[in-house]
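entry_31.cif follows (mmCIF, C-alpha atoms):
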data_work
#
loop_
_atom_site.label_atom_id
_atom_site.label_comp_id
_atom_site.auth_asym_id
_atom_site.auth_seq_id
_atom_site.Cartn_x
_atom_site.Cartn_y
_atom_site.Cartn_z
CA MET D 14 331.24 -1.44 39.91
CA ARG D 15 328.55 -4.13 39.98
CA GLU D 16 327.61 -3.10 43.53
CA ILE D 17 327.29 0.55 42.47
CA LEU D 18 325.13 -0.39 39.47
CA GLY D 19 322.97 -2.57 41.69
CA LYS D 20 322.37 0.29 44.12
CA ALA D 21 321.51 2.61 41.25
CA ARG D 22 318.93 0.16 39.89
CA ARG D 23 317.37 -0.21 43.34
CA LEU D 24 317.12 3.55 43.74
CA LEU D 25 315.49 3.94 40.34
CA SER D 26 313.07 1.16 41.20
CA LYS D 27 312.09 2.92 44.43
CA ARG D 28 311.57 6.19 42.58
CA ASN D 29 309.27 4.56 40.07
CA ASP D 30 307.16 2.48 42.46
CA GLY D 31 304.86 5.39 43.31
CA GLY D 32 305.06 4.48 47.01
CA PRO D 33 305.07 7.91 48.73
CA GLU D 34 302.38 9.30 46.44
CA LEU D 35 300.18 6.25 46.83
CA ILE D 36 300.42 6.03 50.60
CA SER D 37 299.76 9.77 50.92
CA ALA D 38 296.64 9.48 48.77
CA ALA D 39 295.45 6.35 50.61
CA LEU D 40 295.83 8.13 53.96
CA THR D 41 293.90 11.15 52.70
CA PHE D 42 291.02 8.98 51.52
CA ALA D 43 290.93 6.89 54.69
CA THR D 44 291.71 9.29 57.53
CA GLU D 45 290.57 12.69 56.22
CA TRP D 46 287.63 11.71 54.04
CA GLN D 47 286.68 8.51 55.91
CA TRP D 48 286.54 6.46 52.71
CA PRO D 49 287.37 2.77 53.43
CA VAL D 50 290.22 1.59 51.21
CA LEU D 51 292.42 -1.45 50.72
CA PRO D 52 295.25 -2.44 48.37
CA GLY D 53 294.26 -3.92 45.04
CA ALA D 54 295.79 -6.87 43.25
CA ALA D 55 298.84 -5.52 41.47
CA PRO D 56 299.33 -5.98 37.71
CA ASP D 57 301.50 -8.95 36.86
CA PRO D 58 305.10 -7.69 36.45
CA GLN D 59 305.56 -10.25 33.66
CA GLY D 60 302.82 -8.57 31.65
CA ARG D 61 300.99 -5.49 32.91
CA ALA D 62 297.84 -6.35 30.97
CA ARG D 63 297.60 -9.44 33.18
CA CYS D 64 296.65 -9.50 36.85
CA SER D 65 298.54 -11.00 39.77
CA CYS D 66 295.34 -12.73 40.91
CA PRO D 67 294.77 -16.41 39.98
CA ASP D 68 292.25 -15.61 37.22
CA PRO D 69 294.10 -15.77 33.87
CA GLU D 70 291.21 -13.95 32.19
CA CYS D 71 290.84 -11.15 34.74
CA THR D 72 289.10 -8.21 33.03
CA VAL D 73 290.22 -5.57 35.55
CA PRO D 74 293.90 -6.42 36.16
CA GLY D 75 295.19 -4.73 39.29
CA ALA D 76 291.96 -2.77 39.79
CA HIS D 77 290.19 -5.10 42.23
CA PRO D 78 290.67 -6.54 45.73
CA PHE D 79 292.30 -9.95 46.05
CA ASP D 80 294.34 -10.40 49.23
CA PRO D 81 292.93 -9.02 51.47
CA GLY D 82 289.33 -9.22 50.33
CA LEU D 83 286.91 -6.32 50.03
CA LEU D 84 285.58 -6.75 53.57
CA ALA D 85 288.99 -5.74 54.91
CA ALA D 86 288.60 -2.17 53.60
CA THR D 87 289.25 0.28 56.43
CA THR D 88 289.76 3.89 57.46
CA ASP D 89 292.28 2.92 60.14
CA GLU D 90 295.50 4.89 59.70
CA ARG D 91 297.80 2.20 61.10
CA MET D 92 296.40 -0.49 58.82
CA VAL D 93 296.62 1.75 55.75
CA ARG D 94 300.21 2.65 56.58
CA TRP D 95 301.12 -1.01 57.08
CA TRP D 96 299.54 -2.08 53.80
CA TRP D 97 301.28 0.52 51.62
CA THR D 98 304.56 0.27 53.49
CA ASN D 99 304.66 -3.41 52.60
CA ARG D 100 303.06 -3.02 49.17
CA PRO D 101 304.09 0.48 48.03
CA ALA D 102 302.98 0.02 44.42
CA ALA D 103 299.57 -1.50 45.20
CA PRO D 104 296.58 0.22 43.57
CA ILE D 105 294.19 2.00 45.94
CA VAL D 106 290.75 0.39 45.92
CA LEU D 107 287.71 2.15 47.39
CA ALA D 108 284.95 0.04 48.92
CA THR D 109 281.89 1.87 47.59
CA GLY D 110 278.68 2.35 49.54
CA GLY D 111 278.00 2.64 53.24
CA GLN D 112 279.53 5.95 54.32
CA ALA D 113 281.68 6.13 51.17
CA PRO D 114 280.62 7.43 47.77
CA CYS D 115 279.14 5.16 45.15
CA ALA D 116 279.79 5.66 41.43
CA VAL D 117 278.22 5.56 37.99
CA SER D 118 280.67 4.57 35.24
CA LEU D 119 280.56 4.51 31.45
CA PRO D 120 283.02 4.06 28.57
CA ALA D 121 285.61 6.83 28.34
CA LEU D 122 284.57 8.32 24.99
CA ALA D 123 280.90 8.44 25.92
CA ALA D 124 281.80 9.86 29.34
CA SER D 125 283.89 12.63 27.82
CA ARG D 126 281.05 13.69 25.55
CA ALA D 127 278.51 13.40 28.34
CA LEU D 128 280.57 15.60 30.67
CA THR D 129 280.89 18.24 27.95
CA ALA D 130 277.11 18.21 27.52
CA LEU D 131 276.56 18.40 31.29
CA ASP D 132 278.92 21.37 31.57
CA ARG D 133 276.90 23.21 28.94
CA GLN D 134 273.76 22.54 30.98
CA GLY D 135 275.38 23.83 34.15
CA MET D 136 275.13 20.45 35.88
CA ARG D 137 277.22 20.37 39.05
CA LEU D 138 279.41 17.30 39.37
CA GLY D 139 281.77 16.11 42.07
CA PRO D 140 284.97 14.14 41.49
CA VAL D 141 285.27 12.07 38.31
CA VAL D 142 287.73 9.17 38.16
CA ALA D 143 289.23 8.40 34.75
CA ALA D 144 290.70 5.05 33.74
CA PRO D 145 291.89 4.52 30.16
CA ASN D 146 288.72 2.64 29.21
CA ARG D 147 286.05 3.92 31.64
CA TRP D 148 285.25 7.06 33.62
CA SER D 149 283.39 6.97 36.94
CA ILE D 150 281.28 9.80 38.37
CA LEU D 151 281.20 9.67 42.16
CA VAL D 152 277.74 9.99 43.72
CA LYS D 153 276.15 9.87 47.16
CA PRO D 154 275.63 6.41 48.67
CA TYR D 155 272.46 4.70 47.47
CA SER D 156 270.67 1.43 48.19
CA MET D 157 269.92 -1.31 45.68
CA GLU D 158 266.21 -0.61 46.19
CA GLN D 159 266.74 3.06 45.37
CA LEU D 160 268.71 2.16 42.24
CA GLY D 161 266.13 -0.39 41.16
CA GLU D 162 263.29 2.13 41.42
CA LEU D 163 265.34 4.70 39.51
CA LEU D 164 266.12 2.34 36.63
CA TYR D 165 262.58 0.92 36.52
CA ALA D 166 261.19 4.42 35.98
CA LYS D 167 263.42 4.95 32.94
CA ASP D 168 262.24 4.19 29.41
CA PHE D 169 265.84 3.65 28.33
CA VAL D 170 269.13 3.13 30.15
CA PRO D 171 272.31 2.50 28.12
CA GLY D 172 273.61 -1.00 28.75
CA SER D 173 277.12 0.42 29.02
CA LEU D 174 276.31 2.19 32.30
CA ARG D 175 277.66 0.42 35.38
CA PHE D 176 276.83 1.07 39.00
CA HIS D 177 279.29 0.73 41.87
CA GLY D 178 277.15 0.58 44.99
CA GLU D 179 277.15 -1.23 48.31
CA GLY D 180 279.52 -4.19 48.09
CA GLY D 181 281.26 -2.73 45.04
CA TYR D 182 284.67 -1.23 44.50
CA LEU D 183 286.56 1.31 42.41
CA ALA D 184 290.27 1.96 41.84
CA LEU D 185 291.29 5.51 42.80
CA PRO D 186 294.10 7.81 41.64
CA PRO D 187 297.06 7.71 41.47
CA SER D 188 296.90 3.94 41.02
CA GLU D 189 298.56 2.09 38.15
CA THR D 190 296.59 -0.89 36.86
CA GLY D 191 296.99 -3.37 34.05
CA HIS D 192 294.95 -1.11 31.78
CA GLY D 193 297.01 1.97 32.64
CA ALA D 194 297.03 4.89 35.06
CA ILE D 195 294.01 5.98 37.08
CA ARG D 196 293.67 9.77 37.26
CA TRP D 197 291.24 12.51 38.22
CA GLU D 198 289.29 13.91 35.28
CA ARG D 199 287.61 16.18 37.82
CA ALA D 200 289.79 16.37 40.90
CA PRO D 201 288.33 16.91 44.39
CA LEU D 202 288.82 20.40 45.73
CA PRO D 203 291.73 20.52 48.19
CA GLY D 204 290.87 20.51 51.88
CA SER D 205 290.29 18.15 54.78
CA ALA D 206 286.52 17.74 54.32
CA SER D 207 285.18 14.86 52.27
CA PRO D 208 284.42 16.04 48.71
CA TRP D 209 280.86 16.94 47.75
CA VAL D 210 279.12 14.43 45.46
CA PRO D 211 275.70 14.63 43.74
CA ASP D 212 272.70 12.33 44.10
CA VAL D 213 272.64 9.26 41.87
CA GLU D 214 269.24 10.30 40.44
CA ALA D 215 270.60 13.58 39.15
CA VAL D 216 273.63 11.92 37.56
CA VAL D 217 271.72 9.10 35.88
CA ASP D 218 269.08 11.51 34.55
CA ALA D 219 271.72 13.89 33.23
CA VAL D 220 273.99 11.20 31.75
CA VAL D 221 271.15 9.35 29.98
CA ASP D 222 269.84 12.66 28.62
CA ALA D 223 273.33 13.74 27.50
CA LEU D 224 274.02 10.42 25.77
CA THR D 225 270.67 10.60 24.01
CA ARG D 226 271.13 14.22 22.91
CA THR D 227 274.68 13.69 21.65
CA GLY D 228 273.70 10.52 19.83
CA VAL D 229 276.46 8.52 21.54
CA SER D 230 276.13 4.79 21.05
CA ALA D 231 278.34 3.61 23.88
CA PRO D 232 279.62 0.05 23.48
CA GLU D 233 279.52 -2.42 26.33
CA LEU D 234 283.00 -2.27 27.86
#

Rewritten as structure tokens:
Amino acid sequence: MREILGKARRLLSKRNDGGPELISAALTFATEWQWPVLPGAAPDPQGRARCSCPDPECTVPGAHPFDPGLLAATTDERMVRWWWTNRPAAPIVLATGGQAPCAVSLPALAASRALTALDRQGMRLGPVVAAPNRWSILVKPYSMEQLGELLYAKDFVPGSLRFHGEGGYLALPPSETGHGAIRWERAPLPGSASPWVPDVEAVVDAVVDALTRTGVSAPEL
């Protein structure tokens, strides 16, 4: 009886580890869309709000690279398969910039209101990644010089906006992190081609305008 119960627990554990779904998504990002990915540091099983990395005060538990580091991100199918075969529950982390999309993120409540305002304006957006506390709008790759010039030209930029550019990273769906599940608020259209994403200038202009018009005071999160 104990052996039967043990097998049942192992089967349930395998069903709940998200392995097949995660590896399928990671392979799509890497091999079909050519987005370099790597496994993130998993949430600590002793407390999901904590991270398995050595930092006891980690603010993004499970949603960042640890071992391997960010420079290991790849589009190689064999490496991606090996990683998620050995770590089937590992979050999927995108290395932003280069040939991969960058992102503009803001607190979830402000992002929800901003997207509603942008829809009313007819603004075209690409994929939007939603974490419980922040949403990220994917944009075309940009340089730090380009971003600096963009922000310098602005009279006001909310301090809650964050930019994930070259050398940055972002957890992708369907990852599970210490803060909760990562999902698509705006899912990419199905197909083998890499999803369309807008220019960073258009997104920053539209988001700042939407936050100003809706009177959203987005906290720093």

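When only C-alpha atoms are used to compute distances to Ser118 of chain D, the closest of the residues D:Tyr155, D:Trp148, D:Trp48, D:Phe42 turns out to be D:Trp148.
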
Box for segment 46-51 of chain D - axis-aligned, 8 Å on each of the six sides, all listed atoms - centre and size in Å to one decimal, as lines of an AutoDock Vina configuration file.
center_x = 289.5
center_y = 5.1
center_z = 53.3
size_x = 21.9
size_y = 29.2
size_z = 21.2

Inset, instruction - Please identify all polymer residues within 6 Å of His177 of chain D, counting only C-alpha atoms, omitting same-chain residues fewer than 3 positions from it, and present them as number ranges by chain. - result: D: 115-116, 181

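The nearest approach to Cys64 of chain D among the residues D:Leu83, D:Ala194, D:Val141, D:Ala76, with all atoms listed in the file taken into account, belongs to D:Ala76.
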
Inset, instruction - Using all atoms listed in the file, find the one residue out of D:Gly161, D:Ala108, D:Val216, D:Gly193 that sits nearest to Glu179 of chain D. - result: D:Ala108

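Checking D:Ser149, D:Ala103, D:Leu164, D:Val117 one by one against Gly178 of chain D, counting all atoms listed in the file, you find the shortest gap at D:Val117.
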
Which polymer residues, protein or nucleic acid, are no farther than 10 Å from (272.5, 11.9, 38.7), counting only C-alpha atoms, as a JSON list (two decimals) with C-alpha atoms, in the coordinates of the input?
[["chain", "number", "residue", "atom", "x", "y", "z"],
["D", 116, "ALA", "CA", 279.79, 5.66, 41.43],
["D", 117, "VAL", "CA", 278.22, 5.56, 37.99],
["D", 136, "MET", "CA", 275.13, 20.45, 35.88],
["D", 137, "ARG", "CA", 277.22, 20.37, 39.05],
["D", 138, "LEU", "CA", 279.41, 17.30, 39.37],
["D", 150, "ILE", "CA", 281.28, 9.80, 38.37],
["D", 151, "LEU", "CA", 281.20, 9.67, 42.16],
["D", 152, "VAL", "CA", 277.74, 9.99, 43.72],
["D", 153, "LYS", "CA", 276.15, 9.87, 47.16],
["D", 210, "VAL", "CA", 279.12, 14.43, 45.46],
["D", 211, "PRO", "CA", 275.70, 14.63, 43.74],
["D", 212, "ASP", "CA", 272.70, 12.33, 44.10],
["D", 213, "VAL", "CA", 272.64, 9.26, 41.87],
["D", 214, "GLU", "CA", 269.24, 10.30, 40.44],
["D", 215, "ALA", "CA", 270.60, 13.58, 39.15],
["D", 216, "VAL", "CA", 273.63, 11.92, 37.56],
["D", 217, "VAL", "CA", 271.72, 9.10, 35.88],
["D", 218, "ASP", "CA", 269.08, 11.51, 34.55],
["D", 219, "ALA", "CA", 271.72, 13.89, 33.23],
["D", 220, "VAL", "CA", 273.99, 11.20, 31.75],
["D", 221, "VAL", "CA", 271.15, 9.35, 29.98]]

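Here the PyMOL selection byres ((chain D and resi 79) around 8) catches exactly these residues: Gly53, Ala54, Cys66, His77, Pro78, Asp80, Pro81, Gly82 and Leu83 of chain D.
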
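Within the file as shown, the PyMOL selection byres ((chain D and resi 166-173) around 6) identifies Leu119, Leu163, Leu164, Tyr165, Leu174 and Glu233 of chain D.
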
Inset, instruction - Give me the result of the PyMOL selection byres ((chain D and resi 96) around 12) on this file, residue by residue, as a ChimeraX atom specification. - result: /D:32,35-36,39-40,50-53,80-81,85-87,89-95,97-105

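Computed from the coordinates, the atom CA of Pro208 of chain D to atom CA of Ser188 of chain D distance equals 19.0 Å.
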
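For the atom pair formed by atom CA of Arg126 of chain D and atom CA of Pro145 of chain D, the distance is 14.9 Å, given to one decimal.
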
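With all atoms listed in the file as the atoms that count, the minimum distance from Tyr182 of chain D to the choices D:Gly135, D:Gly111, D:Pro140, D:Pro69 is reached by D:Gly111.
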
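When atom CA of Pro114 of chain D is paired with atom CA of Pro154 of chain D, their separation reads 5.2 Å.
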
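Closest approach to Pro187 of chain D among D:Asp68, D:Ala143, D:Thr129, D:Gln112 is made by D:Ala143 (distances from only C-alpha atoms).
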